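J.: Hey, dropping my_file_16.cif in here, mmCIF, C-alpha atoms and all ligand atoms:
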```cif
data_coords
#
loop_
_atom_site.label_atom_id
_atom_site.label_comp_id
_atom_site.auth_asym_id
_atom_site.auth_seq_id
_atom_site.Cartn_x
_atom_site.Cartn_y
_atom_site.Cartn_z
CA MET R 23 256.03 -7.95 160.42
CA LYS R 24 252.87 -7.57 158.40
CA THR R 25 251.05 -10.66 157.11
CA THR R 26 249.63 -10.38 153.59
CA ILE R 27 247.89 -12.71 151.17
CA ARG R 28 248.69 -12.57 147.47
CA PRO R 29 248.29 -14.66 144.30
CA TRP R 30 250.71 -17.55 143.84
CA LYS R 31 253.92 -17.11 141.84
CA ILE R 32 255.69 -20.08 140.29
CA GLU R 33 258.87 -19.16 142.23
CA ASP R 34 256.99 -19.94 145.48
CA ALA R 35 257.35 -23.65 144.70
CA LYS R 36 260.71 -23.79 146.50
CA GLU R 37 259.21 -22.53 149.77
CA LEU R 38 256.19 -24.81 149.32
CA SER R 39 258.48 -27.78 148.91
CA SER R 40 260.41 -27.05 152.09
CA MET R 41 257.37 -26.24 154.27
CA LEU R 42 255.35 -29.26 153.10
CA SER R 43 258.17 -31.78 153.51
CA ASN R 44 257.26 -31.78 157.21
CA PRO R 45 255.22 -34.58 158.81
CA LYS R 46 254.03 -32.14 161.53
CA ILE R 47 252.16 -30.28 158.78
CA LEU R 48 251.08 -33.31 156.74
CA ASP R 49 249.68 -35.05 159.85
CA ASN R 50 247.08 -32.27 160.10
CA LEU R 51 246.00 -32.26 156.46
CA ARG R 52 244.01 -34.64 154.29
CA ASP R 53 245.90 -37.48 152.62
CA GLY R 54 247.18 -37.21 149.08
CA LEU R 55 250.15 -34.88 149.34
CA PRO R 56 253.44 -36.53 148.40
CA TYR R 57 256.24 -36.87 150.95
CA PRO R 58 258.76 -35.49 150.43
CA TYR R 59 257.00 -32.71 148.56
CA THR R 60 259.25 -31.67 145.68
CA VAL R 61 259.64 -28.31 143.95
CA LYS R 62 257.95 -29.92 140.93
CA ASP R 63 254.95 -30.86 143.15
CA GLY R 64 254.80 -27.22 144.24
CA GLU R 65 254.95 -25.96 140.66
CA ASP R 66 252.13 -28.32 139.65
CA TYR R 67 249.97 -27.06 142.55
CA ILE R 68 250.69 -23.41 141.76
CA ARG R 69 249.92 -23.90 138.05
CA ALA R 70 246.62 -25.60 138.96
CA MET R 71 245.67 -22.73 141.28
CA LEU R 72 246.53 -20.10 138.65
CA ALA R 73 244.50 -21.98 136.01
CA ALA R 74 241.44 -22.54 138.24
CA ASP R 75 238.18 -20.58 137.89
CA PRO R 76 238.73 -17.47 140.06
CA ASN R 77 235.07 -17.50 141.06
CA ASP R 78 235.39 -21.01 142.55
CA THR R 79 238.96 -21.18 143.81
CA PHE R 80 240.44 -18.46 146.02
CA ALA R 81 244.00 -19.60 146.65
CA PHE R 82 246.70 -17.37 148.09
CA ALA R 83 250.28 -17.48 149.22
CA ILE R 84 250.81 -16.05 152.70
CA GLU R 85 253.67 -13.60 152.76
CA VAL R 86 255.59 -12.11 155.67
CA GLY R 87 258.45 -9.71 154.93
CA SER R 88 258.34 -10.68 151.22
CA VAL R 89 258.88 -14.38 152.05
CA CYS R 90 256.24 -16.98 151.18
CA VAL R 91 255.53 -18.66 154.53
CA GLY R 92 252.24 -20.48 153.97
CA SER R 93 249.23 -21.36 151.90
CA ILE R 94 245.55 -20.59 152.31
CA GLY R 95 242.60 -21.40 150.08
CA VAL R 96 238.81 -21.24 149.95
CA PHE R 97 237.16 -23.70 147.59
CA ARG R 98 233.54 -23.43 146.43
CA GLY R 99 231.27 -26.46 146.86
CA GLN R 100 228.92 -27.94 144.29
CA ASN R 101 225.21 -28.51 143.71
CA ILE R 102 223.18 -27.19 146.67
CA HIS R 103 226.48 -26.24 148.32
CA SER R 104 227.54 -23.93 145.52
CA ARG R 105 227.41 -20.89 147.80
CA THR R 106 229.30 -22.68 150.55
CA ALA R 107 233.09 -22.97 150.50
CA GLU R 108 235.73 -24.89 152.43
CA LEU R 109 238.76 -23.20 153.97
CA GLY R 110 242.18 -24.87 154.24
CA TYR R 111 245.60 -23.59 155.29
CA TYR R 112 249.07 -24.37 156.55
CA LEU R 113 252.10 -22.40 157.65
CA ALA R 114 255.83 -23.19 157.60
CA GLU R 115 256.78 -24.46 161.06
CA PRO R 116 259.33 -21.70 161.94
CA TYR R 117 256.47 -19.17 161.73
CA TRP R 118 253.99 -20.91 164.05
CA GLY R 119 252.67 -19.14 167.13
CA LYS R 120 253.04 -15.54 165.92
CA GLY R 121 249.40 -14.86 164.97
CA ILE R 122 250.16 -15.12 161.24
CA MET R 123 247.45 -17.62 160.32
CA THR R 124 244.78 -15.77 162.27
CA GLU R 125 245.56 -12.67 160.20
CA ALA R 126 245.62 -14.69 156.96
CA VAL R 127 242.26 -16.34 157.71
CA LYS R 128 240.64 -13.00 158.49
CA ALA R 129 242.04 -11.38 155.32
CA THR R 130 241.11 -14.33 153.10
CA CYS R 131 237.52 -14.64 154.33
CA ALA R 132 236.98 -10.88 154.06
CA ARG R 133 238.28 -10.98 150.47
CA VAL R 134 236.10 -13.95 149.48
CA PHE R 135 232.95 -12.43 150.94
CA GLU R 136 233.74 -9.13 149.23
CA VAL R 137 234.39 -10.47 145.72
CA SER R 138 232.03 -13.46 145.51
CA ASP R 139 228.49 -14.60 146.31
CA ILE R 140 229.74 -17.16 148.86
CA LEU R 141 227.47 -17.17 151.92
CA ARG R 142 229.30 -19.57 154.21
CA ILE R 143 232.95 -20.55 154.71
CA TYR R 144 233.61 -23.63 156.82
CA ALA R 145 236.63 -25.53 158.10
CA GLU R 146 236.99 -29.02 159.52
CA PRO R 147 240.13 -29.35 161.66
CA PHE R 148 240.89 -32.53 163.56
CA SER R 149 239.61 -32.08 167.13
CA ARG R 150 243.15 -32.67 168.41
CA ASN R 151 244.43 -29.74 166.32
CA LEU R 152 244.00 -27.17 169.06
CA ALA R 153 246.08 -24.50 167.31
CA SER R 154 243.88 -24.64 164.21
CA CYS R 155 240.67 -24.60 166.26
CA ARG R 156 241.99 -21.55 168.11
CA VAL R 157 242.87 -19.79 164.85
CA LEU R 158 239.29 -20.23 163.65
CA GLU R 159 237.85 -19.00 166.93
CA LYS R 160 240.12 -15.93 166.90
CA ALA R 161 239.08 -15.23 163.29
CA GLY R 162 235.42 -15.13 164.31
CA PHE R 163 234.25 -18.59 163.22
CA SER R 164 231.47 -20.28 165.21
CA PHE R 165 231.94 -23.82 166.52
CA GLU R 166 229.02 -25.83 165.16
CA GLY R 167 229.78 -29.25 166.57
CA THR R 168 232.01 -32.29 166.68
CA MET R 169 231.88 -34.80 163.84
CA ARG R 170 232.72 -37.99 165.69
CA ALA R 171 234.86 -40.64 163.99
CA ASN R 172 234.77 -38.53 160.83
CA ALA R 173 238.15 -39.53 159.42
CA VAL R 174 240.92 -42.10 159.58
CA LYS R 175 244.35 -40.46 159.45
CA ASN R 176 247.56 -42.51 159.70
CA GLY R 177 245.42 -45.47 160.82
CA ILE R 178 243.84 -43.53 163.70
CA THR R 179 240.12 -42.77 163.84
CA GLU R 180 239.74 -39.04 164.33
CA ASP R 181 237.01 -36.70 165.52
CA MET R 182 236.79 -33.45 163.59
CA ARG R 183 235.29 -30.11 164.55
CA LEU R 184 233.05 -28.06 162.31
CA TYR R 185 233.55 -24.27 162.28
CA ALA R 186 231.81 -21.77 160.03
CA LEU R 187 231.76 -18.07 159.25
CA LEU R 188 228.79 -16.47 157.48
CA SER R 189 228.96 -13.64 154.97
CA PRO R 190 228.27 -10.20 156.47
CA LYS R 191 225.84 -9.78 153.55
CA LEU R 192 223.55 -12.31 155.27
CA ASN R 193 223.19 -9.96 158.19
CA ARG R 194 223.05 -12.71 160.81
CA SER R 195 225.70 -14.51 162.84
C1 LIG R 201 247.49 -24.56 162.73
C2 LIG R 201 248.40 -23.46 162.19
C3 LIG R 201 247.89 -23.01 160.86
C4 LIG R 201 248.36 -22.29 163.20
O1 LIG R 201 249.00 -21.15 162.63
P1 LIG R 201 249.64 -20.01 163.59
O2 LIG R 201 250.02 -18.85 162.76
O3 LIG R 201 250.68 -20.64 164.43
O4 LIG R 201 248.36 -19.64 164.49
P2 LIG R 201 248.20 -18.33 165.40
O5 LIG R 201 249.54 -17.95 165.94
O6 LIG R 201 247.44 -17.31 164.61
O7 LIG R 201 247.24 -18.87 166.56
C5 LIG R 201 247.51 -20.10 167.20
C6 LIG R 201 246.73 -20.16 168.51
O8 LIG R 201 246.68 -21.52 168.95
C7 LIG R 201 247.23 -21.61 170.24
N1 LIG R 201 247.86 -22.92 170.35
C8 LIG R 201 248.93 -23.38 169.68
N2 LIG R 201 249.22 -24.64 170.07
C9 LIG R 201 248.27 -24.97 170.97
C10 LIG R 201 248.02 -26.13 171.75
N3 LIG R 201 248.78 -27.23 171.63
N4 LIG R 201 246.97 -26.11 172.62
C11 LIG R 201 246.19 -25.02 172.74
N5 LIG R 201 246.38 -23.89 172.02
C12 LIG R 201 247.40 -23.87 171.17
C13 LIG R 201 248.19 -20.45 170.34
O9 LIG R 201 248.49 -20.14 171.68
C14 LIG R 201 247.37 -19.37 169.63
O10 LIG R 201 246.31 -18.88 170.44
P3 LIG R 201 246.44 -17.52 171.31
O11 LIG R 201 246.72 -16.42 170.34
O12 LIG R 201 245.09 -17.40 171.97
O13 LIG R 201 247.56 -17.72 172.27
C15 LIG R 201 249.85 -23.95 162.04
O14 LIG R 201 250.27 -24.46 163.28
C16 LIG R 201 249.99 -25.03 160.98
O15 LIG R 201 250.21 -24.74 159.82
N6 LIG R 201 249.89 -26.32 161.42
C17 LIG R 201 250.02 -27.47 160.52
C18 LIG R 201 248.97 -27.52 159.43
C19 LIG R 201 247.55 -27.40 159.97
O16 LIG R 201 247.25 -27.83 161.06
N7 LIG R 201 246.68 -26.80 159.14
C20 LIG R 201 245.29 -26.65 159.50
C21 LIG R 201 244.50 -27.86 159.12
S1 LIG R 201 242.80 -27.72 159.65
#
```
Take the structure in this file and express it as C-alpha cells.
Ligand SMILES: CC(C)(COP(=O)(O)OP(=O)(O)OC[C@H]1O[C@@H](n2cnc3c(N)ncnc32)[C@H](O)[C@@H]1OP(=O)(O)O)[C@@H](O)C(=O)NCCC(=O)NCCS
T.:
Amino acid sequence: MKTTIRPWKIEDAKELSSMLSNPKILDNLRDGLPYPYTVKDGEDYIRAMLAADPNDTFAFAIEVGSVCVGSIGVFRGQNIHSRTAELGYYLAEPYWGKGIMTEAVKATCARVFEVSDILRIYAEPFSRNLASCRVLEKAGFSFEGTMRANAVKNGITEDMRLYALLSPKLNRS
C-alpha cells in the first residue's frame, strides 16, 4: 500500500497514543515523552504542530491505507544553523520492515527542500539503531561520522551517528 505524508489531524491522537506507548520506540528517541503516552498527550503534540510556524516546523503524519501509522518531522535550527534542520521519525511497530519509513523520509525531505530555504537536513540515530541508519542510507543521506559518547539513554552511554542530506539547490552532494 502507498505511503503518504499529510498534515496532522486531531483525531490522529488515538493512533499516536497507541504507537508511542511502546518502550521499543521510546528507547530509540530522546527523553521527555511520557509513558504511557495518552490520547491527551497526542492531542497536545498535534495542536503544537498545527500552531507552529510552517516555515520552521515541517511535521507530518505518515499514512498507509488511510491509517495514521507514524510521525515524521523536520525542525529548523537557530542562529547560524537557521538553514539547517533536524529530522526525526517513528513508526508503529506492526508496520516495521516494509519500507514505509524510507518512503516517508524521501517524501518529507523532498517537500522541505521544495518549499523552504533549508540547505541541510540531518539526523542523529543511536549507532545501535541499525534500522534507522539503514533508512537514512536508503533515503540518500551521507554518513558523516560517529559522535562518540554523545548521549546517555536509560543510564547507558551511547554513540550516535551523524547523517545529512543536502538540498538539490546547492548542486553538490
Ligand atoms: C527505525 C524505523 C523508523 C524504521 O522504519 P521501517 O519502515 O521499518 O524502515 P524500512 O523498512 O524503510 O527500512 C529498514 C531497513 O533496516 C533494516 N534493518 C531492520 N532491522 C535491522 C537490524 N537489526 N540490523 C540491520 N538492519 C536492519 C531492514 O532490513 C531495512 O533495510 P533493507 O531494506 O536494506 O532490508 C522503525 O523501526 C521505528 O520507528 N523504530 C523506533 C523509533 C526509531 O528508532 N526512530 C528513529 C530514531 S533516530
J.: For a test of reading the model, state the distance in Å between atom CA of Trp30 of chain R and atom O3 of ligand LIG 201 (chain R), rounded to one decimal.
T.: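 Result for atom CA of Trp30 of chain R versus atom O3 of ligand LIG 201 (chain R): 20.8 Å, one decimal.
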J.: Go through the chains and note each residue within 9 Å of ligand LIG 201 (chain R), using all atoms listed in the file, then give the set as a PyMOL selection string.
T.: chain R and resi 45-52+92-93+109-115+117-127+145-148+150-161
J.: May I have the residues at most 7 Å from (235.7, -18.0, 147.1) in the file's coordinates, counting all atoms listed in the file, as a list in words?
T.: Asn77, Asp78, Thr79, Phe80, Val96, Phe97, Arg98, Ala107, Val134, Ser138 and Ile140 of chain R
J.: For Ala70 of chain R, which residue among R:Lys31, R:Cys90, R:Arg183, R:Asn172 is the nearest when counting all atoms listed in the file?
T.: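 Using all atoms listed in the file, the shortest distance to Ala70 of chain R belongs to R:Lys31.
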J.: Could you check which residues have any atom within 10 Å of (261.4, -32.0, 145.2), counting all atoms listed in the file with coordinates taken straight from the file, and then list them as a list in words?
T.: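 Those within range, by chain then number, are Ala35, Lys36, Leu38, Ser39, Ser40, Ser43, Pro56, Tyr57, Pro58, Tyr59, Thr60, Val61, Lys62, Asp63, Gly64 and Glu65 of chain R.
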J.: Would you mind telling me which residue in R:Arg28, R:Lys191, R:His103, R:Arg133 lies nearest to Leu72 of chain R when using all atoms listed in the file?
T.: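 Checking each of R:Arg28, R:Lys191, R:His103, R:Arg133 against Leu72 of chain R, counting all atoms listed in the file, the winner is R:Arg28.
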J.: Hey, can you check how far atom CA of Leu187 of chain R sits from atom CA of Phe165 of chain R?
T.: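 Between atom CA of Leu187 of chain R and atom CA of Phe165 of chain R the gap is 9.3 Å.
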J.: Atom CA of Asp139 of chain R to atom CA of Phe82 of chain R: how many Å, to one decimal?
T.: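 Atom-to-atom, atom CA of Asp139 of chain R to atom CA of Phe82 of chain R, that is 18.5 Å.
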J.: Go through R:Ala173, R:Ala81, R:Ile68, R:Ser104 and flag the residue nearest Arg142 of chain R, using only C-alpha atoms for the distances.
T.: R:Ser104
J.: How big is the axis-aligned box, and where does its centre sit, when it encloses all atoms of segment 74-83 of chain R listed in the file and has 8 Å added on every side, reported in Å to one decimal as AutoDock Vina command-line options?
T.:
```
--center_x 242.7 --center_y -20.0 --center_z 143.6 --size_x 31.2 --size_y 21.2 --size_z 27.3
```
J.: Counting only C-alpha atoms, which of R:Gly87, R:Thr106, R:Ser164, R:Val174 gets nearest to Thr25 of chain R?
T.: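 Using only C-alpha atoms, the shortest distance to Thr25 of chain R belongs to R:Gly87.
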J.: Which residue, R:Met41, R:Ile27, R:Ile143, R:Met182, has the smallest gap to Val86 of chain R when you use only C-alpha atoms?
T.: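 Among R:Met41, R:Ile27, R:Ile143, R:Met182, it is R:Ile27 that comes nearest to Val86 of chain R.
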